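For reference, the structure discussed in these notes is given below.
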Amino acid sequence: MAKHNKDLEEELYDKVVDLTEYAKRQRWWNRLFGKTSGPVAEKYSVATQLAIGGLSGWCAGYLFQKVGKVAATSVGGGLLLLQVANNSGYIQVDWKRVEKDVNKAKKQIRKNTDKAAPELNTLVERSTEFVKKNIVVTSGFVGGFLLGLAS
């Protein structure tokens with residue numbers, strides 16, 4: 001009986017040692033997210049992934065900032081010009097018709113949101129899976145994007 005317990009103890013010890021050796025060989029993202037932490041994580045070093053994510057994030061953030069300023073200026077300027085033209089008498093706005101069209105658009109949007117829910121859920125699931133597979137690149141991208149917005 002004692003020999004059987006000692007053999008069992010040695011076997012368990014060997015398995016634990018094997019498991020710890022296996023864990024040491026795994027990369028940290030594999031330990032954290034499992035083996036599905038995918039293709040990019042295994043081809044490039046962490047520094048390369050951060051550099052790629054950071055640079056592409058910075059470019060996207062910088063462009064987002066510039067395009068956002070231009071869009072805001074255009075929309076605001078257009079609304080200002082329409083209001084000036086309306087007050088000056090150059091144009092007449094049928095506000096009742098505008099209100100009717102806005103209400104119709106609201107109803108259409110509410111109706112279409114129920115149909116879009118499954119597609120939105122699959123998009124969220126796919127996005128979450130992508131982030132899990134490419135966590136280092138995604139982290140670099142988010143940091144770069146925020147830096148791009150700030151510059």
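FYI, nothing fancy with the structure tokens labels: chains A, B, ... in order, residues from 1 per chain, ligands from 1 as they appear.
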
Write out as a PDB file with all heavy atoms, in the first residue's frame which residues come within 8 Å of range 136-147 of chain A when counting only C-alpha atoms, dropping same-chain ones fewer than 3 positions away.
```pdb
ATOM      1  N   ALA A  41       0.400  37.133 -33.269  1.00  0.00           N
ATOM      2  CA  ALA A  41       1.129  36.941 -32.020  1.00  0.00           C
ATOM      3  C   ALA A  41       2.265  35.952 -32.168  1.00  0.00           C
ATOM      4  O   ALA A  41       3.209  35.978 -31.401  1.00  0.00           O
ATOM      5  CB  ALA A  41       0.163  36.481 -30.930  1.00  0.00           C
ATOM      6  N   VAL A  46       6.957  40.931 -29.551  1.00  0.00           N
ATOM      7  CA  VAL A  46       6.052  41.859 -28.881  1.00  0.00           C
ATOM      8  C   VAL A  46       6.396  43.297 -29.249  1.00  0.00           C
ATOM      9  O   VAL A  46       5.512  44.119 -29.512  1.00  0.00           O
ATOM     10  CB  VAL A  46       6.098  41.643 -27.345  1.00  0.00           C
ATOM     11  CG1 VAL A  46       5.296  42.697 -26.619  1.00  0.00           C
ATOM     12  CG2 VAL A  46       5.586  40.263 -26.992  1.00  0.00           C
ATOM     13  N   GLN A  49       5.101  44.036 -32.710  1.00  0.00           N
ATOM     14  CA  GLN A  49       3.642  44.173 -32.696  1.00  0.00           C
ATOM     15  C   GLN A  49       3.222  45.520 -32.122  1.00  0.00           C
ATOM     16  O   GLN A  49       2.327  46.182 -32.654  1.00  0.00           O
ATOM     17  CB  GLN A  49       3.011  43.054 -31.869  1.00  0.00           C
ATOM     18  CG  GLN A  49       3.146  41.691 -32.493  1.00  0.00           C
ATOM     19  CD  GLN A  49       2.550  40.637 -31.595  1.00  0.00           C
ATOM     20  OE1 GLN A  49       1.372  40.696 -31.283  1.00  0.00           O
ATOM     21  NE2 GLN A  49       3.358  39.692 -31.173  1.00  0.00           N
ATOM     22  N   LEU A  50       3.877  45.937 -31.030  1.00  0.00           N
ATOM     23  CA  LEU A  50       3.553  47.240 -30.439  1.00  0.00           C
ATOM     24  C   LEU A  50       3.891  48.376 -31.394  1.00  0.00           C
ATOM     25  O   LEU A  50       3.141  49.342 -31.502  1.00  0.00           O
ATOM     26  CB  LEU A  50       4.287  47.423 -29.111  1.00  0.00           C
ATOM     27  CG  LEU A  50       3.713  46.687 -27.915  1.00  0.00           C
ATOM     28  CD1 LEU A  50       4.629  46.832 -26.705  1.00  0.00           C
ATOM     29  CD2 LEU A  50       2.317  47.173 -27.600  1.00  0.00           C
ATOM     30  N   ALA A  51       5.012  48.265 -32.086  1.00  0.00           N
ATOM     31  CA  ALA A  51       5.401  49.313 -33.031  1.00  0.00           C
ATOM     32  C   ALA A  51       4.405  49.403 -34.191  1.00  0.00           C
ATOM     33  O   ALA A  51       3.982  50.501 -34.565  1.00  0.00           O
ATOM     34  CB  ALA A  51       6.811  49.051 -33.547  1.00  0.00           C
ATOM     35  N   ILE A  52       4.028  48.269 -34.741  1.00  0.00           N
ATOM     36  CA  ILE A  52       3.069  48.257 -35.854  1.00  0.00           C
ATOM     37  C   ILE A  52       1.726  48.807 -35.393  1.00  0.00           C
ATOM     38  O   ILE A  52       1.133  49.672 -36.050  1.00  0.00           O
ATOM     39  CB  ILE A  52       2.918  46.830 -36.422  1.00  0.00           C
ATOM     40  CG1 ILE A  52       4.191  46.411 -37.146  1.00  0.00           C
ATOM     41  CG2 ILE A  52       1.719  46.749 -37.362  1.00  0.00           C
ATOM     42  CD1 ILE A  52       4.220  44.939 -37.539  1.00  0.00           C
ATOM     43  N   GLY A  53       1.240  48.324 -34.254  1.00  0.00           N
ATOM     44  CA  GLY A  53      -0.039  48.803 -33.730  1.00  0.00           C
ATOM     45  C   GLY A  53       0.001  50.278 -33.380  1.00  0.00           C
ATOM     46  O   GLY A  53      -0.928  51.024 -33.684  1.00  0.00           O
ATOM     47  N   GLY A  54       1.080  50.703 -32.748  1.00  0.00           N
ATOM     48  CA  GLY A  54       1.207  52.108 -32.349  1.00  0.00           C
ATOM     49  C   GLY A  54       1.275  53.046 -33.537  1.00  0.00           C
ATOM     50  O   GLY A  54       0.616  54.092 -33.560  1.00  0.00           O
ATOM     51  N   LEU A  55       2.060  52.680 -34.540  1.00  0.00           N
ATOM     52  CA  LEU A  55       2.190  53.532 -35.723  1.00  0.00           C
ATOM     53  C   LEU A  55       0.884  53.613 -36.499  1.00  0.00           C
ATOM     54  O   LEU A  55       0.449  54.701 -36.883  1.00  0.00           O
ATOM     55  CB  LEU A  55       3.311  53.018 -36.628  1.00  0.00           C
ATOM     56  CG  LEU A  55       3.639  53.881 -37.838  1.00  0.00           C
ATOM     57  CD1 LEU A  55       4.114  55.260 -37.391  1.00  0.00           C
ATOM     58  CD2 LEU A  55       4.688  53.216 -38.707  1.00  0.00           C
ATOM     59  N   SER A  56       0.243  52.479 -36.713  1.00  0.00           N
ATOM     60  CA  SER A  56      -1.025  52.513 -37.447  1.00  0.00           C
ATOM     61  C   SER A  56      -2.100  53.223 -36.629  1.00  0.00           C
ATOM     62  O   SER A  56      -2.927  53.958 -37.179  1.00  0.00           O
ATOM     63  CB  SER A  56      -1.473  51.102 -37.819  1.00  0.00           C
ATOM     64  OG  SER A  56      -1.673  50.319 -36.679  1.00  0.00           O
ATOM     65  N   GLY A  57      -2.093  53.069 -35.310  1.00  0.00           N
ATOM     66  CA  GLY A  57      -3.041  53.778 -34.454  1.00  0.00           C
ATOM     67  C   GLY A  57      -2.820  55.281 -34.483  1.00  0.00           C
ATOM     68  O   GLY A  57      -3.766  56.057 -34.533  1.00  0.00           O
ATOM     69  N   TRP A  58      -1.550  55.688 -34.455  1.00  0.00           N
ATOM     70  CA  TRP A  58      -1.256  57.122 -34.506  1.00  0.00           C
ATOM     71  C   TRP A  58      -1.734  57.725 -35.825  1.00  0.00           C
ATOM     72  O   TRP A  58      -2.344  58.796 -35.829  1.00  0.00           O
ATOM     73  CB  TRP A  58       0.241  57.376 -34.340  1.00  0.00           C
ATOM     74  CG  TRP A  58       0.558  58.840 -34.321  1.00  0.00           C
ATOM     75  CD1 TRP A  58       0.518  59.664 -33.246  1.00  0.00           C
ATOM     76  CD2 TRP A  58       0.921  59.645 -35.440  1.00  0.00           C
ATOM     77  NE1 TRP A  58       0.843  60.938 -33.631  1.00  0.00           N
ATOM     78  CE2 TRP A  58       1.089  60.953 -34.974  1.00  0.00           C
ATOM     79  CE3 TRP A  58       1.113  59.386 -36.790  1.00  0.00           C
ATOM     80  CZ2 TRP A  58       1.439  62.008 -35.803  1.00  0.00           C
ATOM     81  CZ3 TRP A  58       1.458  60.435 -37.620  1.00  0.00           C
ATOM     82  CH2 TRP A  58       1.624  61.729 -37.136  1.00  0.00           C
ATOM     83  N   CYS A  59      -1.475  57.045 -36.924  1.00  0.00           N
ATOM     84  CA  CYS A  59      -1.933  57.540 -38.235  1.00  0.00           C
ATOM     85  C   CYS A  59      -3.462  57.648 -38.273  1.00  0.00           C
ATOM     86  O   CYS A  59      -4.008  58.657 -38.727  1.00  0.00           O
ATOM     87  CB  CYS A  59      -1.456  56.620 -39.360  1.00  0.00           C
ATOM     88  SG  CYS A  59       0.312  56.659 -39.635  1.00  0.00           S
ATOM     89  N   ALA A  60      -4.139  56.620 -37.789  1.00  0.00           N
ATOM     90  CA  ALA A  60      -5.610  56.637 -37.788  1.00  0.00           C
ATOM     91  C   ALA A  60      -6.133  57.752 -36.885  1.00  0.00           C
ATOM     92  O   ALA A  60      -7.078  58.465 -37.253  1.00  0.00           O
ATOM     93  CB  ALA A  60      -6.144  55.285 -37.332  1.00  0.00           C
ATOM     94  N   GLY A  61      -5.545  57.936 -35.713  1.00  0.00           N
ATOM     95  CA  GLY A  61      -5.983  58.985 -34.800  1.00  0.00           C
ATOM     96  C   GLY A  61      -5.743  60.368 -35.365  1.00  0.00           C
ATOM     97  O   GLY A  61      -6.594  61.262 -35.246  1.00  0.00           O
ATOM     98  N   TYR A  62      -4.590  60.571 -35.987  1.00  0.00           N
ATOM     99  CA  TYR A  62      -4.264  61.863 -36.581  1.00  0.00           C
ATOM    100  C   TYR A  62      -5.240  62.197 -37.717  1.00  0.00           C
ATOM    101  O   TYR A  62      -5.774  63.304 -37.784  1.00  0.00           O
ATOM    102  CB  TYR A  62      -2.823  61.834 -37.093  1.00  0.00           C
ATOM    103  CG  TYR A  62      -2.332  63.167 -37.586  1.00  0.00           C
ATOM    104  CD1 TYR A  62      -1.948  64.152 -36.682  1.00  0.00           C
ATOM    105  CD2 TYR A  62      -2.250  63.434 -38.946  1.00  0.00           C
ATOM    106  CE1 TYR A  62      -1.496  65.383 -37.124  1.00  0.00           C
ATOM    107  CE2 TYR A  62      -1.799  64.659 -39.397  1.00  0.00           C
ATOM    108  CZ  TYR A  62      -1.427  65.636 -38.486  1.00  0.00           C
ATOM    109  OH  TYR A  62      -0.993  66.858 -38.929  1.00  0.00           O
ATOM    110  N   VAL A 131      -9.661  40.966 -31.042  1.00  0.00           N
ATOM    111  CA  VAL A 131      -8.871  41.629 -29.997  1.00  0.00           C
ATOM    112  C   VAL A 131      -8.155  40.592 -29.140  1.00  0.00           C
ATOM    113  O   VAL A 131      -6.992  40.761 -28.795  1.00  0.00           O
ATOM    114  CB  VAL A 131      -9.770  42.549 -29.137  1.00  0.00           C
ATOM    115  CG1 VAL A 131      -9.050  43.026 -27.895  1.00  0.00           C
ATOM    116  CG2 VAL A 131     -10.227  43.743 -29.959  1.00  0.00           C
ATOM    117  N   ALA A 150      -4.296  63.357 -29.923  1.00  0.00           N
ATOM    118  CA  ALA A 150      -3.724  64.449 -29.109  1.00  0.00           C
ATOM    119  C   ALA A 150      -2.751  65.321 -29.906  1.00  0.00           C
ATOM    120  O   ALA A 150      -2.502  66.458 -29.533  1.00  0.00           O
ATOM    121  CB  ALA A 150      -3.024  63.868 -27.901  1.00  0.00           C
ATOM    122  N   SER A 151      -2.200  64.802 -30.994  1.00  0.00           N
ATOM    123  CA  SER A 151      -1.194  65.599 -31.724  1.00  0.00           C
ATOM    124  C   SER A 151      -1.800  66.461 -32.794  1.00  0.00           C
ATOM    125  O   SER A 151      -2.905  66.417 -33.147  1.00  0.00           O
ATOM    126  CB  SER A 151      -0.138  64.693 -32.331  1.00  0.00           C
ATOM    127  OG  SER A 151      -0.714  63.732 -33.188  1.00  0.00           O
TER     128      SER A 151
END
```

Query raised in the report: Between CA of Ile135 in chain A and CA of Thr122 in chain A, what is the spacing in Å?
Result: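 Going from CA of Thr122 in chain A over to CA of Ile135 in chain A, I get 19.3 Å.
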
Requested in this report: State, in Å with one decimal place, the distance from CA of Leu149 in chain A to CA of Leu63 in chain A.
Outcome: 8.2 Å

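The spacing separating CA of Glu99 in chain A from CA of Val70 in chain A amounts to 27.7 Å.
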